[in-house]
$ cat data00.cif   # mmCIF, C-alpha atoms
data_my_file
#
loop_
_atom_site.group_PDB
_atom_site.id
_atom_site.type_symbol
_atom_site.label_atom_id
_atom_site.label_comp_id
_atom_site.auth_asym_id
_atom_site.auth_seq_id
_atom_site.Cartn_x
_atom_site.Cartn_y
_atom_site.Cartn_z
ATOM 1 C CA MET A 27 -55.893 20.337 -4.790
ATOM 2 C CA PRO A 28 -52.520 22.184 -5.045
ATOM 3 C CA ALA A 29 -52.579 25.813 -6.037
ATOM 4 C CA ARG A 30 -51.559 26.598 -9.595
ATOM 5 C CA SER A 31 -48.244 28.409 -9.949
ATOM 6 C CA VAL A 32 -48.054 31.774 -11.660
ATOM 7 C CA PRO A 33 -45.440 32.014 -14.462
ATOM 8 C CA LEU A 34 -42.690 34.544 -13.845
ATOM 9 C CA PHE A 35 -43.636 36.507 -16.986
ATOM 10 C CA TRP A 36 -47.187 37.084 -15.781
ATOM 11 C CA HIS A 37 -45.924 37.850 -12.292
ATOM 12 C CA VAL A 38 -43.727 40.678 -13.602
ATOM 13 C CA PHE A 39 -46.433 41.785 -16.042
ATOM 14 C CA ALA A 40 -48.981 41.989 -13.222
ATOM 15 C CA VAL A 41 -46.642 44.124 -11.103
ATOM 16 C CA ASN A 42 -46.035 46.634 -13.885
ATOM 17 C CA ALA A 43 -49.644 46.623 -15.131
ATOM 18 C CA GLY A 44 -50.905 47.194 -11.597
ATOM 19 C CA LEU A 45 -48.615 50.164 -11.095
ATOM 20 C CA LEU A 46 -49.561 51.682 -14.459
ATOM 21 C CA GLY A 47 -53.246 51.176 -13.654
ATOM 22 C CA LEU A 48 -52.815 52.833 -10.255
ATOM 23 C CA ILE A 49 -51.095 55.803 -11.890
ATOM 24 C CA ALA A 50 -53.936 56.103 -14.421
ATOM 25 C CA VAL A 51 -56.543 56.078 -11.654
ATOM 26 C CA LEU A 52 -54.659 58.720 -9.707
ATOM 27 C CA LEU A 53 -54.443 60.911 -12.781
ATOM 28 C CA LEU A 54 -58.184 60.555 -13.364
ATOM 29 C CA VAL A 55 -59.297 61.380 -9.821
ATOM 30 C CA SER A 56 -56.505 63.729 -8.861
ATOM 31 C CA PRO A 57 -57.119 67.491 -9.058
ATOM 32 C CA VAL A 58 -53.543 68.005 -10.247
ATOM 33 C CA GLU A 59 -53.290 69.727 -13.648
ATOM 34 C CA ILE A 60 -50.333 69.963 -15.987
ATOM 35 C CA SER A 61 -49.900 73.237 -17.834
ATOM 36 C CA ALA A 62 -47.451 74.356 -20.451
ATOM 37 C CA PRO A 63 -45.008 75.634 -19.542
ATOM 38 C CA ILE A 64 -45.055 73.386 -16.455
ATOM 39 C CA ALA A 65 -45.078 75.048 -13.072
ATOM 40 C CA ARG A 66 -42.581 74.255 -10.347
ATOM 41 C CA THR A 67 -45.149 72.608 -8.060
ATOM 42 C CA GLN A 68 -46.456 70.541 -10.947
ATOM 43 C CA ALA A 69 -42.914 69.381 -11.770
ATOM 44 C CA VAL A 70 -42.360 68.407 -8.129
ATOM 45 C CA VAL A 71 -45.556 66.330 -8.144
ATOM 46 C CA VAL A 72 -44.575 64.586 -11.392
ATOM 47 C CA VAL A 73 -41.034 63.823 -10.183
ATOM 48 C CA ALA A 74 -42.301 62.615 -6.806
ATOM 49 C CA GLY A 75 -44.842 60.352 -8.490
ATOM 50 C CA LEU A 76 -42.152 58.969 -10.788
ATOM 51 C CA VAL A 77 -39.770 58.265 -7.881
ATOM 52 C CA ILE A 78 -42.494 56.556 -5.858
ATOM 53 C CA THR A 79 -43.493 54.455 -8.861
ATOM 54 C CA VAL A 80 -39.898 53.385 -9.566
ATOM 55 C CA VAL A 81 -39.238 52.497 -5.905
ATOM 56 C CA VAL A 82 -42.448 50.493 -5.531
ATOM 57 C CA ASN A 83 -41.762 48.726 -8.820
ATOM 58 C CA ALA A 84 -38.221 47.859 -7.712
ATOM 59 C CA LEU A 85 -39.440 46.479 -4.366
ATOM 60 C CA LEU A 86 -42.134 44.346 -5.967
ATOM 61 C CA LEU A 87 -39.833 43.035 -8.693
ATOM 62 C CA ARG A 88 -37.092 42.304 -6.163
ATOM 63 C CA ARG A 89 -39.514 40.164 -4.223
ATOM 64 C CA ALA A 90 -40.544 38.404 -7.434
ATOM 65 C CA VAL A 91 -36.967 37.544 -8.491
ATOM 66 C CA ALA A 92 -35.598 36.879 -4.966
ATOM 67 C CA PRO A 93 -35.794 33.076 -5.447
ATOM 68 C CA LEU A 94 -33.636 33.410 -8.572
ATOM 69 C CA GLN A 95 -31.053 35.436 -6.658
ATOM 70 C CA ARG A 96 -30.957 32.832 -3.869
ATOM 71 C CA LEU A 97 -30.588 30.116 -6.493
ATOM 72 C CA THR A 98 -27.664 31.942 -8.123
ATOM 73 C CA ARG A 99 -25.864 32.384 -4.810
ATOM 74 C CA ARG A 100 -26.420 28.730 -3.906
ATOM 75 C CA MET A 101 -25.097 27.585 -7.282
ATOM 76 C CA ASP A 102 -21.946 29.661 -6.731
ATOM 77 C CA THR A 103 -21.268 28.111 -3.310
ATOM 78 C CA VAL A 104 -22.513 24.537 -3.697
ATOM 79 C CA ASP A 105 -20.168 21.922 -2.236
ATOM 80 C CA LEU A 106 -21.110 18.251 -2.380
ATOM 81 C CA LEU A 107 -18.961 17.609 0.705
ATOM 82 C CA GLN A 108 -21.438 19.681 2.708
ATOM 83 C CA PRO A 109 -24.710 17.969 1.800
ATOM 84 C CA GLY A 110 -28.241 18.694 2.863
ATOM 85 C CA GLU A 111 -28.363 22.410 2.109
ATOM 86 C CA ARG A 112 -31.525 23.042 0.102
ATOM 87 C CA LEU A 113 -33.415 26.133 -1.022
ATOM 88 C CA PRO A 114 -37.058 26.796 -0.093
ATOM 89 C CA VAL A 115 -39.467 26.154 -2.944
ATOM 90 C CA SER A 116 -42.000 28.884 -3.736
ATOM 91 C CA ARG A 117 -45.315 28.435 -5.573
ATOM 92 C CA ASN A 118 -44.404 30.020 -8.883
ATOM 93 C CA GLU A 119 -42.464 29.303 -12.028
ATOM 94 C CA VAL A 120 -39.159 29.989 -10.271
ATOM 95 C CA GLY A 121 -40.148 27.464 -7.633
ATOM 96 C CA HIS A 122 -40.100 24.743 -10.303
ATOM 97 C CA VAL A 123 -36.518 25.718 -11.189
ATOM 98 C CA VAL A 124 -35.485 25.684 -7.517
ATOM 99 C CA GLU A 125 -37.182 22.328 -6.992
ATOM 100 C CA ALA A 126 -35.354 20.898 -10.012
ATOM 101 C CA PHE A 127 -32.075 22.258 -8.636
ATOM 102 C CA ASN A 128 -32.729 20.627 -5.242
ATOM 103 C CA GLN A 129 -33.511 17.322 -6.932
ATOM 104 C CA MET A 130 -30.320 17.616 -8.966
ATOM 105 C CA LEU A 131 -28.341 18.100 -5.741
ATOM 106 C CA ASP A 132 -30.009 14.985 -4.298
ATOM 107 C CA ARG A 133 -28.887 12.953 -7.304
ATOM 108 C CA LEU A 134 -25.363 14.397 -7.320
ATOM 109 C CA GLU A 135 -24.866 13.771 -3.609
ATOM 110 C CA SER A 136 -26.163 10.219 -3.944
ATOM 111 C CA GLU A 137 -23.913 9.548 -6.932
ATOM 112 C CA ARG A 138 -20.950 11.091 -5.134
ATOM 113 C CA ARG A 139 -21.508 8.817 -2.157
ATOM 114 C CA ARG A 140 -21.598 5.749 -4.391
ATOM 115 C CA SER A 141 -18.555 6.794 -6.411
ATOM 116 C CA GLY A 142 -16.726 7.815 -3.232
ATOM 117 C CA ARG A 143 -17.321 4.383 -1.713
ATOM 118 C CA ARG A 144 -16.003 2.732 -4.867
ATOM 119 C CA VAL A 145 -12.910 4.953 -4.940
ATOM 120 C CA LEU A 146 -12.135 4.395 -1.255
ATOM 121 C CA ALA A 147 -12.697 0.674 -1.647
ATOM 122 C CA ALA A 148 -10.223 0.648 -4.527
ATOM 123 C CA GLN A 149 -7.734 2.681 -2.485
ATOM 124 C CA GLU A 150 -7.998 0.333 0.485
ATOM 125 C CA ALA A 151 -7.604 -2.696 -1.793
ATOM 126 C CA GLU A 152 -4.520 -1.111 -3.332
ATOM 127 C CA ARG A 153 -3.114 -0.364 0.127
ATOM 128 C CA VAL A 154 -3.640 -3.979 1.125
ATOM 129 C CA GLY A 155 -1.891 -5.172 -2.021
ATOM 130 C CA ILE A 156 1.095 -2.865 -1.527
ATOM 131 C CA ALA A 157 1.344 -3.829 2.154
ATOM 132 C CA ARG A 158 1.299 -7.501 1.235
ATOM 133 C CA ASP A 159 4.029 -6.984 -1.372
ATOM 134 C CA LEU A 160 6.176 -5.045 1.094
ATOM 135 C CA HIS A 161 5.769 -7.712 3.753
ATOM 136 C CA ASP A 162 6.110 -10.770 1.547
ATOM 137 C CA GLU A 163 8.549 -9.588 -1.101
ATOM 138 C CA VAL A 164 10.667 -6.733 0.246
ATOM 139 C CA GLY A 165 10.566 -7.977 3.848
ATOM 140 C CA GLN A 166 11.654 -11.474 2.887
ATOM 141 C CA LEU A 167 14.329 -10.056 0.597
ATOM 142 C CA LEU A 168 15.801 -7.953 3.398
ATOM 143 C CA THR A 169 15.639 -10.902 5.764
ATOM 144 C CA GLY A 170 17.559 -12.930 3.183
ATOM 145 C CA VAL A 171 20.178 -10.163 2.985
ATOM 146 C CA LEU A 172 20.614 -10.346 6.767
ATOM 147 C CA LEU A 173 21.134 -14.108 6.639
ATOM 148 C CA HIS A 174 23.621 -13.692 3.815
ATOM 149 C CA LEU A 175 25.521 -11.068 5.802
ATOM 150 C CA ASP A 176 25.631 -13.422 8.793
ATOM 151 C CA SER A 177 27.156 -16.182 6.680
ATOM 152 C CA THR A 178 29.595 -13.723 5.109
ATOM 153 C CA ALA A 179 30.695 -12.509 8.543
ATOM 154 C CA ALA A 180 31.485 -16.078 9.556
ATOM 155 C CA THR A 181 33.759 -16.582 6.536
ATOM 156 C CA ALA A 182 35.360 -13.106 6.530
ATOM 157 C CA PRO A 183 36.025 -12.080 10.154
ATOM 158 C CA GLU A 184 38.411 -9.342 9.020
ATOM 159 C CA HIS A 185 35.408 -7.406 7.620
ATOM 160 C CA ARG A 186 33.274 -7.895 10.709
ATOM 161 C CA HIS A 187 32.912 -4.155 11.421
ATOM 162 C CA GLU A 188 31.750 -3.282 7.912
ATOM 163 C CA ILE A 189 29.347 -6.214 7.857
ATOM 164 C CA ASP A 190 27.844 -5.179 11.213
ATOM 165 C CA GLN A 191 27.228 -1.692 9.850
ATOM 166 C CA ALA A 192 25.555 -3.152 6.777
ATOM 167 C CA LYS A 193 23.385 -5.384 8.991
ATOM 168 C CA GLN A 194 22.297 -2.376 11.043
ATOM 169 C CA ALA A 195 21.307 -0.537 7.867
ATOM 170 C CA VAL A 196 19.327 -3.529 6.639
ATOM 171 C CA ARG A 197 17.558 -3.858 10.001
ATOM 172 C CA ARG A 198 16.589 -0.179 9.871
ATOM 173 C CA ALA A 199 15.268 -0.682 6.353
ATOM 174 C CA LEU A 200 13.336 -3.758 7.514
ATOM 175 C CA ASP A 201 11.804 -1.813 10.406
ATOM 176 C CA GLU A 202 10.796 0.963 8.008
ATOM 177 C CA VAL A 203 9.185 -1.532 5.648
ATOM 178 C CA ARG A 204 7.218 -3.019 8.535
ATOM 179 C CA ARG A 205 6.156 0.458 9.684
ATOM 180 C CA ILE A 206 4.956 1.451 6.212
ATOM 181 C CA SER A 207 3.203 -1.890 5.804
ATOM 182 C CA SER A 208 1.358 -1.456 9.101
ATOM 183 C CA GLN A 209 0.247 2.047 8.051
ATOM 184 C CA LEU A 210 -1.030 0.779 4.728
ATOM 185 C CA ARG A 211 -2.891 -2.139 6.276
ATOM 186 C CA PRO A 212 -3.884 -1.606 9.920
ATOM 187 C CA GLU A 213 -4.040 -5.267 10.951
ATOM 188 C CA MET A 214 -4.401 -4.267 14.599
ATOM 189 C CA LEU A 215 -7.638 -2.481 13.714
ATOM 190 C CA GLU A 216 -9.084 -5.719 12.398
ATOM 191 C CA GLU A 217 -7.767 -7.879 15.222
ATOM 192 C CA LEU A 218 -7.918 -5.729 18.386
ATOM 193 C CA GLY A 219 -10.244 -2.843 17.560
ATOM 194 C CA LEU A 220 -10.130 0.914 17.133
ATOM 195 C CA VAL A 221 -8.680 1.950 20.501
ATOM 196 C CA SER A 222 -5.751 -0.467 20.232
ATOM 197 C CA ALA A 223 -5.090 0.587 16.646
ATOM 198 C CA LEU A 224 -5.098 4.296 17.568
ATOM 199 C CA THR A 225 -2.810 3.575 20.520
ATOM 200 C CA GLU A 226 -0.323 1.845 18.240
ATOM 201 C CA LEU A 227 -0.660 4.590 15.614
ATOM 202 C CA SER A 228 -0.023 7.415 18.077
ATOM 203 C CA THR A 229 2.862 5.562 19.739
ATOM 204 C CA THR A 230 4.577 5.038 16.403
ATOM 205 C CA PHE A 231 3.904 8.666 15.453
ATOM 206 C CA GLY A 232 5.525 9.949 18.642
ATOM 207 C CA ARG A 233 8.564 7.714 18.229
ATOM 208 C CA VAL A 234 9.156 8.637 14.577
ATOM 209 C CA SER A 235 8.354 12.374 14.760
ATOM 210 C CA ASN A 236 9.784 13.114 18.244
ATOM 211 C CA ILE A 237 6.562 14.998 19.027
ATOM 212 C CA ARG A 238 5.058 14.488 22.470
ATOM 213 C CA ILE A 239 1.765 12.659 22.197
ATOM 214 C CA GLU A 240 -1.064 12.709 24.725
ATOM 215 C CA ARG A 241 -3.832 10.117 24.535
ATOM 216 C CA GLN A 242 -7.295 10.070 26.055
ATOM 217 C CA PHE A 243 -9.329 7.064 24.984
ATOM 218 C CA ASP A 244 -12.599 6.088 26.614
ATOM 219 C CA PRO A 245 -12.282 2.349 27.414
ATOM 220 C CA LEU A 246 -16.065 1.871 27.421
ATOM 221 C CA LEU A 247 -16.820 3.038 23.897
ATOM 222 C CA PRO A 248 -19.484 1.061 22.042
ATOM 223 C CA ALA A 249 -18.563 -0.911 18.967
ATOM 224 C CA LEU A 250 -18.722 0.816 15.593
ATOM 225 C CA PRO A 251 -19.272 -0.722 12.153
ATOM 226 C CA PRO A 252 -15.989 -1.805 10.506
ATOM 227 C CA ASP A 253 -16.161 0.846 7.773
ATOM 228 C CA THR A 254 -16.776 3.563 10.385
ATOM 229 C CA GLU A 255 -13.812 2.375 12.447
ATOM 230 C CA LEU A 256 -11.673 2.443 9.319
ATOM 231 C CA ALA A 257 -12.800 5.995 8.523
ATOM 232 C CA VAL A 258 -12.002 7.168 12.061
ATOM 233 C CA TYR A 259 -8.594 5.492 11.910
ATOM 234 C CA ARG A 260 -7.717 6.955 8.505
ATOM 235 C CA ILE A 261 -8.770 10.469 9.541
ATOM 236 C CA ALA A 262 -6.657 10.196 12.713
ATOM 237 C CA GLN A 263 -3.762 8.903 10.608
ATOM 238 C CA GLU A 264 -4.074 11.747 8.094
ATOM 239 C CA SER A 265 -4.339 14.307 10.894
ATOM 240 C CA LEU A 266 -1.134 13.074 12.541
ATOM 241 C CA THR A 267 0.608 12.992 9.163
ATOM 242 C CA ASN A 268 -0.371 16.620 8.555
ATOM 243 C CA VAL A 269 0.967 17.578 11.981
ATOM 244 C CA ALA A 270 4.315 15.923 11.261
ATOM 245 C CA ARG A 271 4.608 17.521 7.806
ATOM 246 C CA HIS A 272 3.202 21.012 8.276
ATOM 247 C CA ALA A 273 2.458 22.010 11.870
ATOM 248 C CA GLN A 274 5.943 22.345 13.424
ATOM 249 C CA ALA A 275 4.302 21.266 16.664
ATOM 250 C CA SER A 276 5.863 20.090 19.919
ATOM 251 C CA ARG A 277 2.762 18.405 21.355
ATOM 252 C CA VAL A 278 -0.277 16.604 19.978
ATOM 253 C CA SER A 279 -3.281 15.311 21.872
ATOM 254 C CA ILE A 280 -5.582 12.649 20.464
ATOM 255 C CA ALA A 281 -8.859 11.745 22.134
ATOM 256 C CA LEU A 282 -11.626 9.271 21.383
ATOM 257 C CA GLU A 283 -14.698 9.617 23.563
ATOM 258 C CA ARG A 284 -18.464 9.410 23.708
ATOM 259 C CA GLY A 285 -20.265 12.418 22.274
ATOM 260 C CA SER A 286 -23.098 14.376 23.864
ATOM 261 C CA LEU A 287 -25.589 12.530 21.655
ATOM 262 C CA ASP A 288 -25.455 8.935 20.456
ATOM 263 C CA SER A 289 -22.092 9.425 18.801
ATOM 264 C CA VAL A 290 -18.355 8.915 19.097
ATOM 265 C CA VAL A 291 -15.990 11.888 18.820
ATOM 266 C CA LEU A 292 -12.379 11.872 17.640
ATOM 267 C CA ARG A 293 -10.268 14.960 18.388
ATOM 268 C CA VAL A 294 -6.699 15.621 17.251
ATOM 269 C CA VAL A 295 -5.230 18.900 18.538
ATOM 270 C CA ASP A 296 -1.714 20.262 18.031
ATOM 271 C CA ASP A 297 0.120 23.346 19.263
ATOM 272 C CA GLY A 298 1.772 24.141 15.926
ATOM 273 C CA ARG A 299 1.656 27.156 13.649
ATOM 274 C CA GLY A 300 -1.854 26.532 12.310
ATOM 275 C CA PHE A 301 -2.986 27.173 8.769
ATOM 276 C CA ASP A 302 -1.101 29.703 6.665
ATOM 277 C CA ALA A 303 -3.630 29.933 3.813
ATOM 278 C CA ALA A 304 -7.068 31.426 3.363
ATOM 279 C CA ASN A 305 -8.617 28.105 2.359
ATOM 280 C CA PRO A 306 -7.190 25.299 4.511
ATOM 281 C CA ASP A 307 -9.652 22.710 3.248
ATOM 282 C CA GLU A 308 -7.494 22.030 0.215
ATOM 283 C CA GLN A 309 -4.315 21.409 2.221
ATOM 284 C CA GLY A 310 -2.767 18.185 3.373
ATOM 285 C CA GLY A 311 -5.460 15.797 2.226
ATOM 286 C CA LEU A 312 -8.151 17.557 4.266
ATOM 287 C CA ARG A 313 -10.637 17.225 1.438
ATOM 288 C CA SER A 314 -10.178 13.447 1.403
ATOM 289 C CA MET A 315 -10.791 13.484 5.154
ATOM 290 C CA ARG A 316 -14.094 15.264 4.562
ATOM 291 C CA GLU A 317 -14.920 12.669 1.930
ATOM 292 C CA ARG A 318 -14.347 9.816 4.378
ATOM 293 C CA ALA A 319 -16.402 11.533 7.070
ATOM 294 C CA LEU A 320 -19.256 12.111 4.646
ATOM 295 C CA LEU A 321 -19.396 8.461 3.597
ATOM 296 C CA VAL A 322 -20.054 7.343 7.193
ATOM 297 C CA ASP A 323 -22.516 10.179 7.924
ATOM 298 C CA GLY A 324 -19.937 11.890 10.131
ATOM 299 C CA ALA A 325 -19.395 15.588 10.804
ATOM 300 C CA LEU A 326 -15.830 16.839 10.380
ATOM 301 C CA ALA A 327 -14.735 20.242 11.698
ATOM 302 C CA ILE A 328 -11.233 21.652 11.163
ATOM 303 C CA THR A 329 -10.744 24.807 13.220
ATOM 304 C CA PRO A 330 -7.992 26.829 14.914
ATOM 305 C CA ALA A 331 -7.149 25.357 18.311
ATOM 306 C CA SER A 332 -6.886 27.246 21.575
ATOM 307 C CA THR A 333 -3.247 26.110 21.715
ATOM 308 C CA GLY A 334 -2.489 28.041 18.529
ATOM 309 C CA GLY A 335 -2.493 25.054 16.197
ATOM 310 C CA VAL A 336 -5.299 23.137 14.542
ATOM 311 C CA GLU A 337 -8.095 21.025 15.975
ATOM 312 C CA VAL A 338 -9.593 18.222 13.896
ATOM 313 C CA ARG A 339 -12.905 17.013 15.299
ATOM 314 C CA LEU A 340 -14.815 14.099 13.830
ATOM 315 C CA GLU A 341 -18.194 13.013 15.184
ATOM 316 C CA VAL A 342 -19.798 9.826 13.877
ATOM 317 C CA PRO A 343 -23.226 8.575 14.933
ATOM 318 C CA LEU A 344 -23.510 5.216 16.647
ATOM 319 C CA ALA A 345 -26.449 4.321 14.425
ATOM 320 C CA THR A 346 -24.367 4.616 11.269
ATOM 321 C CA VAL A 347 -25.032 1.671 9.018
ATOM 322 C CA ALA A 348 -23.104 2.433 5.864
ATOM 323 C CA ARG A 349 -22.335 0.117 3.004
ATOM 324 C CA PRO A 350 -19.091 -1.700 3.846
ATOM 325 C CA LEU A 351 -16.040 -1.142 1.700
ATOM 326 C CA GLU A 352 -15.570 -4.103 -0.593
ATOM 327 C CA MET A 353 -11.920 -4.625 0.196
ATOM 328 C CA GLN A 354 -9.998 -7.582 -1.027
ATOM 329 C CA SER A 355 -8.573 -9.743 1.675
#
$ encode --input "data00.cif" --output "structure tokens"
Amino acid sequence: MPARSVPLFWHVFAVNAGLLGLIAVLLLVSPVEISAPIARTQAVVVVAGLVITVVVNALLLRRAVAPLQRLTRRMDTVDLLQPGERLPVSRNEVGHVVEAFNQMLDRLESERRRSGRRVLAAQEAERVGIARDLHDEVGQLLTGVLLHLDSTAATAPEHRHEIDQAKQAVRRALDEVRRISSQLRPEMLEELGLVSALTELSTTFGRVSNIRIERQFDPLLPALPPDTELAVYRIAQESLTNVARHAQASRVSIALERGSLDSVVLRVVDDGRGFDAANPDEQGGLRSMRERALLVDGALAITPASTGGVEVRLEVPLATVARPLEMQS
């Protein structure tokens, strides 16, 4: 049979009543006498007794309200992107409040996971739609412009130089459309797997950004669930995008290897200028990266690198079985 909890009111009342009772007993059995006017030694005894009583009362009350103080601090620092942090539950009235708070965090984290999956699924579906429109509509339109320029060049040879320049501009635009389309919808990830997709991603990044890229991919990595592979790919993509936009780096290394436990680890390290703000988690889409890592039970760490830049480290367990994103094909 569980022990009955003591209400906070009676807990505080018992502390104060006990101290007052102890003082009364001491006054009854103590040989100390109070005269008028009070003597110096008598005043010292009274003041000392008062100080001792106040200190003991403060210590006992601090212990009684300590769970409330821990609860207040936890409420000030709660972050649903760092789940699993719970407060110990004591056997008193405050313990019921702490237990209710822990249960509320359980519900909020569960709801955030579900809503996060829905949001990411909608984002991926929108990416697929935009990529399809770029490929089918804009790509075909630019291809038609090239064919039209070819026919125009045949009928107007005197403008051959200008037409060739226009064709080069259209080809560059067509290449850019294809690049953006491949970033929005990583078809290679679906067809050839994570390592091939990261190889293509890093190669394109190095060519576009003129930043030297170093790759280290374990060829014997076990297969991951599709949604986990997508999360790893998107976090690598966002990390490289942040390097190109903010880091002012000259070299980036990207590694995908087996972790010390049953896990796979992604590391993206640059030699740039690092973070220039007190709270880097709000920069460059890093919060969305934490959201993706959380939805596949991964652990994401963003720390200063030994090279002076930033290291992004994502570790995902091999046993992850998360609900797949309901993307439209």
$ residues_near_point --input "data00.cif" --point "(28.6, -4.0, 10.0)" --cutoff "12 Å" --atoms "only C-alpha atoms" --output "list in words"
Leu172, Leu175, Asp176, Thr178, Ala179, Ala182, Pro183, Glu184, His185, Arg186, His187, Glu188, Ile189, Asp190, Gln191, Ala192, Lys193, Gln194, Ala195, Val196 and Arg197 of chain A
$ resolve_selection --input "data00.cif" --expression "the PyMOL selection byres ((chain A and resi 224-235) around 10)" --output "PyMOL selection string"
chain A and resi 205+208-209+212+214-215+219-223+236-243+258-260+262-263+266-267+269-271+275-282
$ resolve_selection --input "data00.cif" --expression "the PyMOL selection byres ((chain A and resi 83) around 12)" --output "PDB file with C-alpha atoms, in the coordinates of the input"
ATOM      1  CA  VAL A  38     -43.727  40.678 -13.602  1.00  0.00           C
ATOM      2  CA  PHE A  39     -46.433  41.785 -16.042  1.00  0.00           C
ATOM      3  CA  ALA A  40     -48.981  41.989 -13.222  1.00  0.00           C
ATOM      4  CA  VAL A  41     -46.642  44.124 -11.103  1.00  0.00           C
ATOM      5  CA  ASN A  42     -46.035  46.634 -13.885  1.00  0.00           C
ATOM      6  CA  ALA A  43     -49.644  46.623 -15.131  1.00  0.00           C
ATOM      7  CA  GLY A  44     -50.905  47.194 -11.597  1.00  0.00           C
ATOM      8  CA  LEU A  45     -48.615  50.164 -11.095  1.00  0.00           C
ATOM      9  CA  LEU A  46     -49.561  51.682 -14.459  1.00  0.00           C
ATOM     10  CA  LEU A  48     -52.815  52.833 -10.255  1.00  0.00           C
ATOM     11  CA  LEU A  76     -42.152  58.969 -10.788  1.00  0.00           C
ATOM     12  CA  VAL A  77     -39.770  58.265  -7.881  1.00  0.00           C
ATOM     13  CA  ILE A  78     -42.494  56.556  -5.858  1.00  0.00           C
ATOM     14  CA  THR A  79     -43.493  54.455  -8.861  1.00  0.00           C
ATOM     15  CA  VAL A  80     -39.898  53.385  -9.566  1.00  0.00           C
ATOM     16  CA  VAL A  81     -39.238  52.497  -5.905  1.00  0.00           C
ATOM     17  CA  VAL A  82     -42.448  50.493  -5.531  1.00  0.00           C
ATOM     18  CA  ALA A  84     -38.221  47.859  -7.712  1.00  0.00           C
ATOM     19  CA  LEU A  85     -39.440  46.479  -4.366  1.00  0.00           C
ATOM     20  CA  LEU A  86     -42.134  44.346  -5.967  1.00  0.00           C
ATOM     21  CA  LEU A  87     -39.833  43.035  -8.693  1.00  0.00           C
ATOM     22  CA  ARG A  88     -37.092  42.304  -6.163  1.00  0.00           C
ATOM     23  CA  ARG A  89     -39.514  40.164  -4.223  1.00  0.00           C
ATOM     24  CA  ALA A  90     -40.544  38.404  -7.434  1.00  0.00           C
TER      25      ALA A  90
END
$ axis_aligned_box --input "data00.cif" --around "segment 65-70 of chain A" --padding-each-side "3 Å" --output "JSON"
{"center_x": -44.4, "center_y": 71.7, "center_z": -10.6, "size_x": 10.1, "size_y": 12.6, "size_z": 11.0}
$ residues_near_point --input "data00.cif" --point "(1.9, 22.0, 19.6)" --cutoff "8 Å" --atoms "all atoms listed in the file" --output "PyMOL selection string"
chain A and resi 273-278+295-299+333-335
$ residues_around --input "data00.cif" --residues "segment 122-131 of chain A" --least-positions-apart "6" --cutoff "7 Å" --atoms "only C-alpha atoms" --output "list of chain:residue names"
A:Leu97, A:Arg112, A:Leu113, A:Val115
$ atom_distance --input "data00.cif" --atom1 "atom CA of Gly300 of chain A" --atom2 "atom CA of Pro330 of chain A"
6.7 Å
$ closest_residue --input "data00.cif" --among "A:Leu246, A:Asp323, A:Thr98, A:Asp132" --to "Glu111 of chain A" --atoms "only C-alpha atoms"
A:Asp132
$ atom_distance --input "data00.cif" --atom1 "atom CA of Gln166 of chain A" --atom2 "atom CA of Glu264 of chain A"
28.5 Å
$ atom_distance --input "data00.cif" --atom1 "atom CA of Leu287 of chain A" --atom2 "atom CA of Asn268 of chain A"
28.7 Å
$ resolve_selection --input "data00.cif" --expression "the PyMOL selection byres ((chain A and resi 327) around 8)" --output "JSON, numbers by chain"
{"A": [325, 326, 328, 329, 337, 338, 339, 340]}
$ decode --input "data00.cif" --residues "segment 249-258 of chain A" --atoms "N, CA and C atoms" --output "short mmCIF file (atom, residue, chain, number, x, y, z; two decimals), in the first residue's frame"
data_model
loop_
_atom_site.label_atom_id
_atom_site.label_comp_id
_atom_site.auth_asym_id
_atom_site.auth_seq_id
_atom_site.Cartn_x
_atom_site.Cartn_y
_atom_site.Cartn_z
N ALA A 249 21.95 -0.91 -43.89
CA ALA A 249 20.84 -0.13 -44.44
C ALA A 249 20.06 0.55 -43.32
N LEU A 250 19.57 1.73 -43.61
CA LEU A 250 18.75 2.49 -42.67
C LEU A 250 17.34 2.61 -43.23
N PRO A 251 16.35 2.83 -42.37
CA PRO A 251 14.99 3.07 -42.87
C PRO A 251 14.97 4.29 -43.78
N PRO A 252 14.06 4.33 -44.75
CA PRO A 252 14.03 5.44 -45.72
C PRO A 252 13.91 6.81 -45.06
N ASP A 253 13.07 6.93 -44.01
CA ASP A 253 12.90 8.24 -43.38
C ASP A 253 14.16 8.65 -42.63
N THR A 254 14.91 7.67 -42.10
CA THR A 254 16.17 7.99 -41.43
C THR A 254 17.22 8.44 -42.45
N GLU A 255 17.28 7.75 -43.58
CA GLU A 255 18.20 8.17 -44.64
C GLU A 255 17.88 9.58 -45.12
N LEU A 256 16.60 9.88 -45.24
CA LEU A 256 16.21 11.22 -45.67
C LEU A 256 16.62 12.27 -44.64
N ALA A 257 16.45 11.95 -43.36
CA ALA A 257 16.85 12.89 -42.31
C ALA A 257 18.35 13.13 -42.34
N VAL A 258 19.14 12.06 -42.48
CA VAL A 258 20.59 12.21 -42.55
C VAL A 258 20.98 13.06 -43.76
#
